[in-house]
>>> print(open('final16.tsv').read())   # TSV, C-alpha atoms
chain	number	residue	atom	x	y	z
V	1045	ALA	CA	0.00	0.00	0.00
V	1046	TYR	CA	1.20	3.50	-0.84
V	1047	PHE	CA	-0.63	4.99	2.15
V	1048	THR	CA	-0.71	3.12	5.46
V	1049	GLU	CA	-2.92	3.42	8.52
V	1050	GLN	CA	-2.15	5.89	11.30
V	1051	ASN	CA	0.08	8.08	9.12
V	1052	SER	CA	-0.15	11.61	7.76
V	1053	TYR	CA	1.33	12.42	4.34
V	1054	SER	CA	2.16	15.90	3.05
V	1055	TYR	CA	2.69	16.91	-0.59
V	1056	THR	CA	3.24	20.09	-2.57
V	1057	TYR	CA	0.71	20.18	-5.39
V	1058	THR	CA	0.98	22.21	-8.61
V	1059	SER	CA	-1.54	22.39	-11.43
V	1060	THR	CA	-0.75	24.23	-14.68
V	1061	VAL	CA	-3.21	24.86	-17.52
V	1062	GLU	CA	-1.83	26.10	-20.85
V	1063	SER	CA	-3.50	26.65	-24.22
V	1064	SER	CA	-1.84	27.20	-27.58
V	1065	PHE	CA	-2.26	26.74	-31.31
V	1066	VAL	CA	0.64	24.54	-32.36
V	1067	GLY	CA	2.17	25.23	-35.74
V	1068	THR	CA	1.29	28.92	-35.84
V	1069	THR	CA	3.03	30.64	-32.92
V	1070	PRO	CA	5.01	29.58	-29.85
V	1071	SER	CA	2.89	31.80	-27.61
V	1072	LYS	CA	0.67	30.27	-24.91
V	1073	SER	CA	-1.90	31.47	-22.45
V	1074	GLY	CA	-2.09	29.87	-19.04
V	1075	PHE	CA	-2.44	29.92	-15.29
V	1076	GLN	CA	-1.10	27.88	-12.40
V	1077	TYR	CA	-2.01	27.20	-8.81
V	1078	THR	CA	-0.01	25.60	-6.02
V	1079	CYS	CA	-1.30	24.16	-2.74
V	1080	SER	CA	-0.26	22.03	0.19
V	1081	VAL	CA	-2.04	18.67	0.27
V	1082	ILE	CA	-2.32	16.63	3.47
V	1083	ILE	CA	-3.67	13.06	3.62
V	1084	ARG	CA	-4.32	11.57	7.05
V	1085	VAL	CA	-5.01	7.82	7.04
V	1086	TYR	CA	-6.77	6.45	10.12
V	1087	THR	CA	-7.75	2.97	11.25
V	1088	GLY	CA	-9.66	1.07	8.59
V	1089	PHE	CA	-8.05	3.29	5.92
V	1090	LYS	CA	-10.64	5.98	6.58
V	1091	SER	CA	-8.89	9.10	5.39
V	1092	GLU	CA	-9.04	12.86	5.67
V	1093	PHE	CA	-7.92	15.00	2.75
V	1094	LYS	CA	-7.03	18.67	3.24
V	1095	VAL	CA	-5.92	21.33	0.76
V	1096	GLU	CA	-4.24	24.40	2.22
V	1097	ASN	CA	-2.21	27.53	1.39
V	1098	CYS	CA	-3.21	27.82	-2.27
V	1099	ASN	CA	-1.65	30.46	-4.52
V	1100	VAL	CA	-2.68	31.36	-8.06
V	1101	HIS	CA	-0.27	32.52	-10.76
V	1102	LYS	CA	-0.83	33.76	-14.28
V	1103	ARG	CA	1.52	33.49	-17.23
V	1104	VAL	CA	3.43	36.76	-17.61
V	1105	ASP	CA	4.76	36.46	-21.14
V	1106	SER	CA	3.02	34.27	-23.67
V	1107	GLU	CA	6.35	33.04	-25.06
V	1108	THR	CA	8.18	32.29	-21.80
V	1109	GLU	CA	7.53	30.01	-18.83
V	1110	GLU	CA	7.39	32.88	-16.34
V	1111	TYR	CA	4.39	33.15	-14.01
V	1112	THR	CA	3.47	35.89	-11.57
V	1113	LYS	CA	1.36	35.58	-8.42
V	1114	VAL	CA	-2.13	37.08	-8.42
V	1115	LEU	CA	-4.50	37.78	-5.56
V	1116	SER	CA	-5.96	34.46	-4.41
V	1117	ASN	CA	-6.93	34.93	-0.76
V	1118	GLN	CA	-10.55	33.98	-1.39
V	1119	LEU	CA	-9.63	30.76	-3.21
V	1120	SER	CA	-7.23	29.74	-0.47
V	1121	ALA	CA	-9.80	30.46	2.25
V	1122	ASP	CA	-12.59	28.60	0.44
V	1123	VAL	CA	-10.59	25.51	-0.48
V	1124	SER	CA	-9.01	25.09	2.97
V	1125	ARG	CA	-12.18	25.66	5.01
V	1126	TYR	CA	-13.44	22.06	5.05
V	1127	PRO	CA	-11.72	18.66	4.81
V	1128	LEU	CA	-12.80	15.90	2.44
V	1129	HIS	CA	-13.27	12.33	3.69
V	1130	PHE	CA	-12.81	9.08	1.77
V	1131	THR	CA	-11.75	5.47	2.29
V	1132	PHE	CA	-8.98	3.43	0.68
V	1133	THR	CA	-10.36	0.04	-0.40
V	1134	ASN	CA	-7.90	-2.50	-1.85
V	1135	ASN	CA	-5.33	0.30	-2.07
V	1136	GLN	CA	-7.55	2.50	-4.24
V	1137	ILE	CA	-9.82	5.42	-3.42
V	1138	ASP	CA	-13.35	4.10	-3.01
V	1139	ALA	CA	-15.41	6.36	-5.30
V	1140	SER	CA	-18.55	5.69	-3.25
V	1141	SER	CA	-16.96	6.86	0.00
V	1142	ILE	CA	-16.15	10.51	-0.83
V	1143	GLN	CA	-17.75	13.01	1.54
V	1144	VAL	CA	-17.60	16.79	1.79
V	1145	HIS	CA	-19.14	19.30	4.16
V	1146	LYS	CA	-22.71	20.24	3.24
V	1147	ASP	CA	-21.63	23.90	2.88
V	1148	GLU	CA	-18.66	23.12	0.60
V	1149	PRO	CA	-18.90	25.30	-2.56
V	1150	VAL	CA	-19.21	23.33	-5.80
V	1151	TYR	CA	-16.06	24.84	-7.29
V	1152	THR	CA	-13.82	23.93	-4.34
V	1153	ALA	CA	-15.28	20.41	-4.20
V	1154	ASN	CA	-14.36	20.09	-7.89
V	1155	ILE	CA	-10.80	21.26	-7.20
V	1156	LYS	CA	-10.46	18.59	-4.51
V	1157	ARG	CA	-11.94	15.95	-6.80
V	1158	GLY	CA	-9.33	16.81	-9.44
V	1159	ILE	CA	-6.44	16.65	-7.00
V	1160	LEU	CA	-7.69	13.42	-5.43
V	1161	SER	CA	-8.10	11.86	-8.87
V	1162	ALA	CA	-4.35	11.96	-9.53
V	1163	LEU	CA	-3.79	9.89	-6.37
V	1164	GLN	CA	-5.88	7.02	-7.75
V	1165	LEU	CA	-3.17	4.40	-8.33
V	1166	GLY	CA	-3.45	0.63	-8.42
V	1167	VAL	CA	-0.84	-1.73	-7.01
V	1168	LEU	CA	1.13	-4.03	-9.33
V	1169	SER	CA	3.05	-7.11	-8.31
V	1170	PRO	CA	6.85	-6.93	-8.85
V	1171	ASN	CA	6.75	-9.27	-11.87
V	1172	GLU	CA	3.93	-7.39	-13.65
V	1173	LYS	CA	5.26	-5.07	-16.34
V	1174	GLN	CA	2.02	-4.37	-18.19
V	1175	LYS	CA	-1.52	-4.41	-16.86
V	1176	THR	CA	-4.89	-2.80	-17.54
V	1177	LEU	CA	-7.06	-1.90	-14.56
V	1178	SER	CA	-10.54	-0.42	-14.37
V	1179	GLN	CA	-10.61	2.72	-12.22
V	1180	VAL	CA	-13.14	5.36	-11.29
V	1181	ASP	CA	-12.25	9.01	-10.86
V	1182	ILE	CA	-13.31	12.41	-12.24
V	1183	PHE	CA	-13.50	10.96	-15.77
V	1184	GLY	CA	-15.88	8.19	-14.77
V	1185	PRO	CA	-15.10	4.45	-15.12
V	1186	CYS	CA	-11.94	4.13	-17.26
V	1187	ASN	CA	-9.55	1.44	-18.39
V	1188	VAL	CA	-6.08	2.59	-17.29
V	1189	HIS	CA	-3.02	0.97	-18.85
V	1190	TYR	CA	-0.10	0.44	-16.43
V	1191	SER	CA	3.51	-0.06	-17.53
V	1192	MET	CA	6.82	-0.56	-15.74
V	1193	TYR	CA	10.17	-0.50	-17.55
V	1194	ASP	CA	13.61	-1.81	-16.60
V	1195	HIS	CA	15.22	1.43	-17.76
V	1196	SER	CA	13.06	3.42	-15.29
V	1197	PRO	CA	13.22	1.49	-12.00
V	1198	GLY	CA	10.87	2.78	-9.32
V	1199	SER	CA	8.48	4.38	-11.81
V	1200	ILE	CA	4.95	3.36	-12.79
V	1201	PHE	CA	3.57	4.83	-16.01
V	1202	THR	CA	-0.16	5.04	-16.70
V	1203	TYR	CA	-2.06	5.95	-19.84
V	1204	ARG	CA	-5.71	6.33	-20.73
V	1205	ASP	CA	-7.73	7.54	-23.70
V	1206	LEU	CA	-10.44	9.73	-22.18
V	1207	THR	CA	-12.71	9.36	-25.19
V	1208	MET	CA	-13.16	5.73	-24.13
V	1209	CYS	CA	-14.20	6.60	-20.56
V	1210	GLU	CA	-17.83	6.63	-19.55
V	1211	MET	CA	-17.76	10.35	-18.96
V	1212	PRO	CA	-20.90	12.51	-18.62
V	1213	GLN	CA	-21.08	15.07	-21.40
V	1214	ILE	CA	-23.20	18.14	-21.85
V	1215	TYR	CA	-23.99	19.05	-25.41
V	1216	THR	CA	-26.18	21.59	-27.17
V	1217	LEU	CA	-28.95	20.80	-29.59
V	1218	GLN	CA	-30.66	23.47	-31.67
V	1219	MET	CA	-34.41	23.47	-31.29
V	1220	ARG	CA	-34.93	23.21	-35.04
V	1221	PHE	CA	-33.05	23.01	-38.32
V	1222	PHE	CA	-34.41	26.15	-39.93
V	1223	SER	CA	-33.96	29.65	-38.57
V	1224	VAL	CA	-34.63	33.00	-40.19
V	1225	ILE	CA	-32.12	34.43	-37.72
V	1226	LYS	CA	-28.82	32.55	-37.47
V	1227	LYS	CA	-28.73	31.81	-33.76
V	1228	ILE	CA	-25.67	31.84	-31.53
V	1229	HIS	CA	-27.64	30.64	-28.51
V	1230	GLY	CA	-29.62	27.50	-29.20
V	1231	GLY	CA	-31.93	25.43	-27.08
V	1232	TYR	CA	-30.23	22.59	-25.26
V	1233	ARG	CA	-30.76	19.65	-22.98
V	1234	GLN	CA	-28.38	17.68	-20.79
V	1235	ARG	CA	-27.87	13.95	-20.50
V	1236	GLN	CA	-25.12	11.40	-19.97
V	1237	THR	CA	-23.48	9.73	-22.95
V	1238	SER	CA	-20.62	7.27	-23.35
V	1239	GLU	CA	-20.25	7.92	-27.09
V	1240	PRO	CA	-16.48	7.69	-27.75
V	1241	ILE	CA	-16.32	9.87	-30.85
V	1242	TYR	CA	-16.16	13.62	-30.38
V	1243	PRO	CA	-13.91	16.26	-31.97
V	1244	PHE	CA	-11.07	16.09	-29.45
V	1245	ARG	CA	-8.19	13.73	-29.00
V	1246	SER	CA	-7.93	13.53	-25.23
V	1247	THR	CA	-5.38	11.51	-23.27
V	1248	VAL	CA	-3.81	11.38	-19.81
V	1249	ASN	CA	-0.24	10.18	-19.23
V	1250	CYS	CA	1.20	9.93	-15.72
V	1251	GLU	CA	4.48	8.93	-14.12
V	1252	TYR	CA	4.41	7.83	-10.47
V	1253	LYS	CA	7.77	7.53	-8.74
V	1254	ILE	CA	7.75	5.05	-5.86
V	1255	SER	CA	10.33	5.07	-3.10
V	1256	ASP	CA	10.11	2.49	-0.28
V	1257	THR	CA	6.38	1.96	-1.05
V	1258	LEU	CA	5.81	5.73	-0.82
V	1259	ILE	CA	4.64	7.84	-3.75
V	1260	SER	CA	7.52	10.31	-3.88
V	1261	SER	CA	6.26	12.28	-6.90
V	1262	ILE	CA	3.51	12.36	-9.51
V	1263	ASP	CA	3.59	14.01	-12.93
V	1264	CYS	CA	0.37	13.80	-14.99
V	1265	LEU	CA	-0.35	15.46	-18.33
V	1266	GLN	CA	-3.87	15.65	-19.74
V	1267	ARG	CA	-3.76	16.79	-23.37
V	1268	GLN	CA	-6.78	17.91	-25.38
V	1269	SER	CA	-6.23	18.53	-29.10
V	1270	PHE	CA	-8.81	19.51	-31.70
V	1271	ARG	CA	-8.80	16.69	-34.24
V	1272	PRO	CA	-10.47	18.27	-37.32
V	1273	SER	CA	-7.61	20.75	-37.78
V	1274	ALA	CA	-4.84	18.56	-36.38
V	1275	ASN	CA	-2.90	17.82	-39.56
V	1276	ASN	CA	-1.80	20.25	-42.23
V	1277	GLY	CA	0.12	17.99	-44.56
V	1278	SER	CA	3.05	16.68	-42.53
V	1279	ILE	CA	2.63	19.40	-39.87
V	1280	TYR	CA	0.67	18.70	-36.69
V	1281	ALA	CA	-0.99	22.07	-36.20
V	1282	THR	CA	-4.03	22.42	-34.01
V	1283	ALA	CA	-5.50	23.95	-30.87
V	1284	ILE	CA	-4.14	22.21	-27.77
V	1285	THR	CA	-4.88	22.58	-24.07
V	1286	ASP	CA	-2.57	20.92	-21.56
V	1287	VAL	CA	-3.51	20.33	-17.93
V	1288	ARG	CA	-0.51	19.21	-15.88
V	1289	GLN	CA	-0.67	18.01	-12.28
V	1290	LYS	CA	2.43	17.53	-10.14
V	1291	PHE	CA	2.86	16.20	-6.61
V	1292	GLN	CA	6.11	16.36	-4.67
V	1293	PHE	CA	6.40	14.44	-1.41
V	1294	ARG	CA	7.34	16.53	1.63
V	1295	SER	CA	6.92	14.41	4.74
V	1296	ALA	CA	5.24	11.45	6.44
V	1297	THR	CA	4.32	11.70	10.12
V	1298	PRO	CA	2.85	9.00	12.40
V	1299	LEU	CA	-0.48	9.90	13.93
V	1300	THR	CA	-0.88	9.58	17.69
V	1301	SER	CA	-2.83	6.64	19.04
V	1302	VAL	CA	-5.73	8.90	20.04
V	1303	ASP	CA	-6.12	10.50	16.61
V	1304	GLU	CA	-9.44	9.70	14.96
V	1305	ILE	CA	-11.22	11.01	11.88
V	1306	GLU	CA	-13.77	13.63	12.83
V	1307	SER	CA	-17.16	12.31	11.74
V	1308	SER	CA	-19.96	14.83	11.44
V	1309	ALA	CA	-23.62	14.90	10.51
V	1310	ASP	CA	-22.73	17.92	8.36
V	1311	MET	CA	-20.86	15.72	5.85
V	1312	LYS	CA	-22.60	14.54	2.67
V	1313	THR	CA	-21.60	11.86	0.14
V	1314	ILE	CA	-20.73	13.11	-3.35
V	1315	ASP	CA	-19.82	11.50	-6.64
V	1316	PHE	CA	-16.22	11.38	-7.88
V	1317	LEU	CA	-17.29	13.03	-11.16
V	1318	PHE	CA	-17.21	16.80	-11.49
V	1319	GLN	CA	-20.42	18.55	-10.51
V	1320	PHE	CA	-21.79	21.42	-12.58
V	1321	SER	CA	-23.10	24.41	-10.67
V	1322	GLU	CA	-26.85	24.67	-10.71
V	1323	GLU	CA	-28.12	27.83	-12.31
V	1324	GLU	CA	-29.81	30.21	-9.90
V	1325	GLU	CA	-33.55	30.52	-10.25
V	1326	VAL	CA	-34.09	33.87	-11.96
V	1327	SER	CA	-37.44	35.41	-12.84
V	1328	VAL	CA	-37.40	37.91	-15.70
V	1329	SER	CA	-40.33	40.31	-16.02
V	1330	GLN	CA	-42.44	41.01	-19.09
V	1331	GLU	CA	-41.02	44.56	-19.20
V	1332	ILE	CA	-37.39	43.36	-19.39
V	1333	VAL	CA	-38.13	40.95	-22.26
V	1334	GLN	CA	-40.08	43.66	-24.13
V	1335	ASN	CA	-37.31	46.23	-23.63
V	1336	GLN	CA	-34.74	43.79	-25.03
V	1337	LEU	CA	-36.97	43.11	-28.03
V	1338	ASP	CA	-37.21	46.87	-28.61
V	1339	ALA	CA	-33.40	47.12	-28.43
V	1340	LEU	CA	-33.07	44.36	-31.05
V	1341	VAL	CA	-35.42	46.10	-33.46
V	1342	LYS	CA	-33.69	49.44	-32.92
V	1343	SER	CA	-30.26	47.88	-33.52
V	1344	PHE	CA	-31.42	46.36	-36.82
V	1345	ARG	CA	-33.12	49.52	-38.06
V	1346	GLU	CA	-30.08	51.62	-37.25
V	1347	LEU	CA	-27.78	49.01	-38.89
V	1348	ASP	CA	-25.85	48.58	-35.63
V	1349	LEU	CA	-25.08	44.99	-36.59
V	1350	GLN	CA	-22.02	44.63	-34.33
V	1351	ALA	CA	-24.21	44.92	-31.24
V	1352	TRP	CA	-26.89	42.59	-32.60
V	1353	PRO	CA	-25.48	39.12	-31.69
V	1354	GLU	CA	-24.99	40.03	-28.03
V	1355	LEU	CA	-28.43	41.67	-27.88
V	1356	TYR	CA	-30.00	38.52	-29.31
V	1357	GLN	CA	-28.14	36.22	-26.93
V	1358	ASP	CA	-29.34	38.27	-23.95
V	1359	PHE	CA	-32.86	38.33	-25.42
V	1360	VAL	CA	-32.99	34.52	-25.55
V	1361	TRP	CA	-31.61	34.27	-21.99
V	1362	PHE	CA	-34.35	36.63	-20.75
V	1363	MET	CA	-36.98	34.53	-22.53
V	1364	LYS	CA	-35.59	31.34	-20.94
V	1365	HIS	CA	-36.14	32.85	-17.51
V	1366	SER	CA	-39.53	34.39	-18.09
V	1367	THR	CA	-42.95	32.79	-17.61
V	1368	GLU	CA	-45.39	31.45	-20.17
V	1369	GLU	CA	-47.87	34.16	-19.14
V	1370	ASN	CA	-45.34	36.96	-19.73
V	1371	LEU	CA	-44.30	35.57	-23.12
V	1372	GLN	CA	-47.91	35.17	-24.22
V	1373	LEU	CA	-48.74	38.74	-23.19
V	1374	ILE	CA	-45.77	40.05	-25.21
V	1375	ILE	CA	-46.67	38.23	-28.45
V	1376	ASN	CA	-50.34	39.26	-28.04
V	1377	ASP	CA	-49.26	42.89	-27.66
V	1378	VAL	CA	-46.94	42.65	-30.69
V	1379	LEU	CA	-49.72	41.15	-32.86
V	1380	ASP	CA	-52.05	43.92	-31.65
V	1381	CYS	CA	-49.35	46.42	-32.69
V	1382	HIS	CA	-49.26	47.72	-29.09
V	1383	GLY	CA	-52.85	48.97	-29.42
V	1384	ASN	CA	-52.15	50.93	-32.62
V	1385	LYS	CA	-53.86	48.73	-35.18
V	1386	ASN	CA	-56.18	51.39	-36.56
V	1387	GLY	CA	-54.03	53.23	-39.07
V	1388	THR	CA	-51.10	54.25	-36.86
V	1389	CYS	CA	-49.30	50.90	-36.68
V	1390	ASP	CA	-45.59	50.86	-37.56
V	1391	LEU	CA	-45.83	47.82	-39.82
V	1392	GLU	CA	-42.08	47.42	-40.29
V	1393	LYS	CA	-41.52	47.39	-36.53
V	1394	LYS	CA	-44.41	44.95	-36.03
V	1395	MET	CA	-42.97	42.58	-38.66
V	1396	LEU	CA	-39.48	42.67	-37.07
V	1397	GLU	CA	-40.83	42.21	-33.55
V	1398	GLU	CA	-42.93	39.25	-34.58
V	1399	GLU	CA	-40.11	37.58	-36.51
V	1400	TYR	CA	-37.52	38.09	-33.76
V	1401	PHE	CA	-39.88	36.99	-31.01
V	1402	VAL	CA	-41.00	33.81	-32.79
V	1403	ASP	CA	-37.40	32.91	-33.60
V	1404	GLY	CA	-36.44	33.61	-29.99
V	1405	LEU	CA	-39.13	31.19	-28.79
V	1406	LEU	CA	-37.43	28.40	-30.73
V	1407	SER	CA	-33.94	29.30	-29.54
V	1408	CYS	CA	-35.22	29.48	-25.97
V	1409	ALA	CA	-36.66	25.92	-26.09
V	1410	THR	CA	-38.07	25.93	-22.54
V	1411	GLN	CA	-41.49	24.42	-22.00
V	1412	ALA	CA	-42.96	27.93	-21.69
V	1413	CYS	CA	-41.41	28.98	-25.02
V	1414	ILE	CA	-42.52	25.80	-26.80
V	1415	THR	CA	-46.08	26.18	-25.50
V	1416	VAL	CA	-46.32	29.79	-26.69
V	1417	PHE	CA	-44.83	28.81	-30.05
V	1418	THR	CA	-47.38	26.03	-30.57
V	1419	ARG	CA	-50.13	28.60	-29.99
V	1420	CYS	CA	-48.49	30.76	-32.68
V	1421	ILE	CA	-48.75	27.77	-35.04
V	1422	LYS	CA	-52.43	27.26	-34.21
V	1423	GLU	CA	-53.16	30.94	-34.85
V	1424	ASP	CA	-51.28	30.98	-38.20
V	1425	HIS	CA	-48.52	33.32	-37.08
V	1426	VAL	CA	-45.83	30.90	-38.29
V	1427	THR	CA	-45.13	29.95	-41.91
V	1428	TRP	CA	-46.07	26.47	-43.11
V	1429	PHE	CA	-42.40	25.68	-43.79
V	1430	THR	CA	-41.22	26.76	-40.33
V	1431	SER	CA	-44.05	25.01	-38.49
V	1432	ARG	CA	-43.41	21.69	-40.28
V	1433	TYR	CA	-39.69	21.80	-39.48
V	1434	PHE	CA	-40.52	22.58	-35.86
V	1435	LEU	CA	-42.96	19.68	-35.55
V	1436	TYR	CA	-40.51	17.25	-37.17
V	1437	ASP	CA	-37.66	18.34	-34.89
V	1438	LEU	CA	-39.91	18.27	-31.81
V	1439	ALA	CA	-41.00	14.70	-32.56
V	1440	ILE	CA	-37.56	13.33	-33.49
V	1441	ASN	CA	-35.11	15.12	-31.21
V	1442	HIS	CA	-37.09	16.15	-28.15
V	1443	GLU	CA	-39.63	14.90	-25.66
V	1444	PRO	CA	-42.80	16.96	-26.12
V	1445	THR	CA	-45.21	17.11	-23.22
V	1446	GLU	CA	-48.87	16.13	-23.48
V	1447	GLN	CA	-49.73	19.82	-23.18
V	1448	SER	CA	-47.61	20.71	-26.24
V	1449	GLY	CA	-49.10	17.85	-28.23
V	1450	GLN	CA	-52.69	18.90	-27.44
V	1451	LEU	CA	-51.95	22.48	-28.48
V	1452	VAL	CA	-50.59	21.37	-31.85
V	1453	LEU	CA	-53.35	18.84	-32.61
>>> encode(input="final16.tsv", output="structure tokens")
Amino acid sequence: AYFTEQNSYSYTYTSTVESSFVGTTPSKSGFQYTCSVIIRVYTGFKSEFKVENCNVHKRVDSETEEYTKVLSNQLSADVSRYPLHFTFTNNQIDASSIQVHKDEPVYTANIKRGILSALQLGVLSPNEKQKTLSQVDIFGPCNVHYSMYDHSPGSIFTYRDLTMCEMPQIYTLQMRFFSVIKKIHGGYRQRQTSEPIYPFRSTVNCEYKISDTLISSIDCLQRQSFRPSANNGSIYATAITDVRQKFQFRSATPLTSVDEIESSADMKTIDFLFQFSEEEEVSVSQEIVQNQLDALVKSFRELDLQAWPELYQDFVWFMKHSTEENLQLIINDVLDCHGNKNGTCDLEKKMLEEEYFVDGLLSCATQACITVFTRCIKEDHVTWFTSRYFLYDLAINHEPTEQSGQLVL
């Protein structure tokens, strides 16, 4: 075992993230953070994991390796406030045993997950040079290939292809195929998928140096490269992001016989996989949505096209967070030309408002937006072509509710 009962282990941890476009320029953007990591292993291999004294650095010059420290007091305070608990089972971190304090922020829990993940190392027998083990960490269940070489005594090398891991993925799906306005903010849904083909080549290579059964150092490199533009003839030129994790052993200290892990009712069990922050519940008023629609129309009529994409993105976001009642009131008011139907209606403005609003309903893709859009179909405010594409996409790619189906039928 690399970690034994009744001992405390201390490491210096460094994580560096760098992005570049290989083949075009040597410049890189990046940041780095360093922390102290302490692992206390108690009886039964119940363990406490603490991250302390974190500092953040940013890359000074895009063409050198120089980093400068930036203000990071809040990060250090947040990440060191609560310990994380887990259990070693058969020398590996038991993914079902990870616990954090109920008040632990999502982002600091994710930092700890990432650090802990690099410590997930299986044990090989002395005569095993190659072996594949199934492990669970932040990337989900993965096959990890282990290698030991005579020319590198004391080192264990691991490799995995992340595209073959059962990793949850979030992807976007436009609400329909056809759009009068070319959207930059489409409707989306979230689900888990283990599909191995996606546009990135993504691998993790690690070297673990073992000294007297202790892990003396760890060096892991996760590399993401964009496959579609990877090869230009014989030149490998593409966008690459590297995430490097390093551990350096500092000390091992025996715990006293009275030391015990502090159990608390305030701890909750979490998954090893990264957690995505839940979006705050926001309620957007009818007035805000209408004002943004007015700004869109004004931008188009004044040919201020540079401002238009951002205005439209915000417009869709406001619609996503408004109610069905508010959206219905807005489209009713637009169709009524804001009460100016009798000879004083600005027909150009009415046409633009109606087109932008209907297109926004489809980009929004919430149940409220879909319901209002189906009413627009019933009342012949949508072209035959657009309505048929919507119905086809709704049936094939989405899960319409009974309410939506009744409105359309």
>>> closest_atom_pairs(input="final16.tsv", of="range 1264-1335 of chain V", to="range 1137-1157 of chain V", cutoff="7 Å", atoms="only C-alpha atoms", output="JSON lines")
{"residue": "V:Asp1310", "atom": "CA", "partner": "V:Lys1146", "partner_atom": "CA", "distance": 5.6}
{"residue": "V:Met1311", "atom": "CA", "partner": "V:His1145", "partner_atom": "CA", "distance": 4.3}
{"residue": "V:Lys1312", "atom": "CA", "partner": "V:Gln1143", "partner_atom": "CA", "distance": 5.2}
{"residue": "V:Thr1313", "atom": "CA", "partner": "V:Gln1143", "partner_atom": "CA", "distance": 4.3}
{"residue": "V:Ile1314", "atom": "CA", "partner": "V:Gln1143", "partner_atom": "CA", "distance": 5.7}
{"residue": "V:Asp1315", "atom": "CA", "partner": "V:Ser1140", "partner_atom": "CA", "distance": 6.8}
{"residue": "V:Phe1316", "atom": "CA", "partner": "V:Ala1139", "partner_atom": "CA", "distance": 5.7}
{"residue": "V:Phe1318", "atom": "CA", "partner": "V:Asn1154", "partner_atom": "CA", "distance": 5.6}
{"residue": "V:Gln1319", "atom": "CA", "partner": "V:Asn1154", "partner_atom": "CA", "distance": 6.8}
{"residue": "V:Ser1321", "atom": "CA", "partner": "V:Val1150", "partner_atom": "CA", "distance": 6.3}
>>> residues_around(input="final16.tsv", residues="range 1372-1382 of chain V", least_positions_apart="6", cutoff="10 Å", atoms="all atoms listed in the file", output="MDAnalysis selection string")
chainID V and resid 1330:1331 1333:1334 1337 1388:1391 1393:1398 1401:1402 1412:1413 1415:1417 1419:1420 1425
>>> residues_around(input="final16.tsv", residues="Ile1284 in chain V", least_positions_apart="5", cutoff="6 Å", atoms="all atoms listed in the file", output="PyMOL selection string")
chain V and resi 1063-1064+1268-1269
>>> atom_distance(input="final16.tsv", atom1="CA of Leu1165 in chain V", atom2="CA of Glu1062 in chain V")
25.1 Å
>>> closest_residue(input="final16.tsv", among="V:Gly1387, V:Gly1198, V:Pro1127, V:Gly1074", to="Glu1110 in chain V", atoms="only C-alpha atoms")
V:Gly1074
>>> atom_distance(input="final16.tsv", atom1="CA of Glu1096 in chain V", atom2="CA of Thr1060 in chain V")
17.3 Å
>>> residues_around(input="final16.tsv", residues="Ile1305 in chain V", least_positions_apart="4", cutoff="9 Å", atoms="only C-alpha atoms", output="MDAnalysis selection string")
chainID V and resid 1084:1087 1090:1092 1129
>>> closest_residue(input="final16.tsv", among="V:Phe1293, V:Tyr1252, V:Phe1089, V:Phe1344", to="Glu1392 in chain V", atoms="all atoms listed in the file")
V:Phe1344
>>> residues_near_point(input="final16.tsv", point="(0.3, 29.3, -3.1)", cutoff="7 Å", atoms="only C-alpha atoms", output="VMD selection string")
chain V and resid 1077 to 1079 1097 to 1100
>>> atom_distance(input="final16.tsv", atom1="CA of Val1188 in chain V", atom2="CA of Cys1209 in chain V")
9.6 Å
>>> residues_around(input="final16.tsv", residues="Phe1065 in chain V", least_positions_apart="5", cutoff="9 Å", atoms="only C-alpha atoms", output="list in words")
Pro1070, Ser1071, Lys1072, Ala1281, Thr1282, Ala1283, Ile1284 and Thr1285 of chain V
>>> write_last_selection(input="final16.tsv", atoms="C-alpha atoms", output="PDB file, keeping the file's coordinate frame")
ATOM      1  CA  PRO V1070       5.010  29.580 -29.850  1.00  0.00           C
ATOM      2  CA  SER V1071       2.890  31.800 -27.610  1.00  0.00           C
ATOM      3  CA  LYS V1072       0.670  30.270 -24.910  1.00  0.00           C
ATOM      4  CA  ALA V1281      -0.990  22.070 -36.200  1.00  0.00           C
ATOM      5  CA  THR V1282      -4.030  22.420 -34.010  1.00  0.00           C
ATOM      6  CA  ALA V1283      -5.500  23.950 -30.870  1.00  0.00           C
ATOM      7  CA  ILE V1284      -4.140  22.210 -27.770  1.00  0.00           C
ATOM      8  CA  THR V1285      -4.880  22.580 -24.070  1.00  0.00           C
TER       9      THR V1285
END
>>> closest_residue(input="final16.tsv", among="V:Ser1052, V:Ser1327, V:Gln1136, V:Gln1357", to="Phe1093 in chain V", atoms="all atoms listed in the file")
V:Ser1052
>>> closest_residue(input="final16.tsv", among="V:Thr1207, V:Thr1257, V:Gln1289, V:Asn1384", to="Ser1161 in chain V", atoms="all atoms listed in the file")
V:Gln1289
>>> closest_residue(input="final16.tsv", among="V:Val1248, V:Leu1405, V:Leu1128, V:Lys1102", to="Leu1115 in chain V", atoms="only C-alpha atoms")
V:Lys1102
>>> closest_residue(input="final16.tsv", among="V:Ile1082, V:Val1104, V:Leu1168, V:Met1192", to="Ser1054 in chain V", atoms="only C-alpha atoms")
V:Ile1082
>>> residues_near_point(input="final16.tsv", point="(-35.3, 32.9, -24.0)", cutoff="7 Å", atoms="only C-alpha atoms", output="list in words")
Phe1359, Val1360, Trp1361, Phe1362, Met1363, Lys1364, His1365, Gly1404, Leu1405, Ser1407 and Cys1408 of chain V
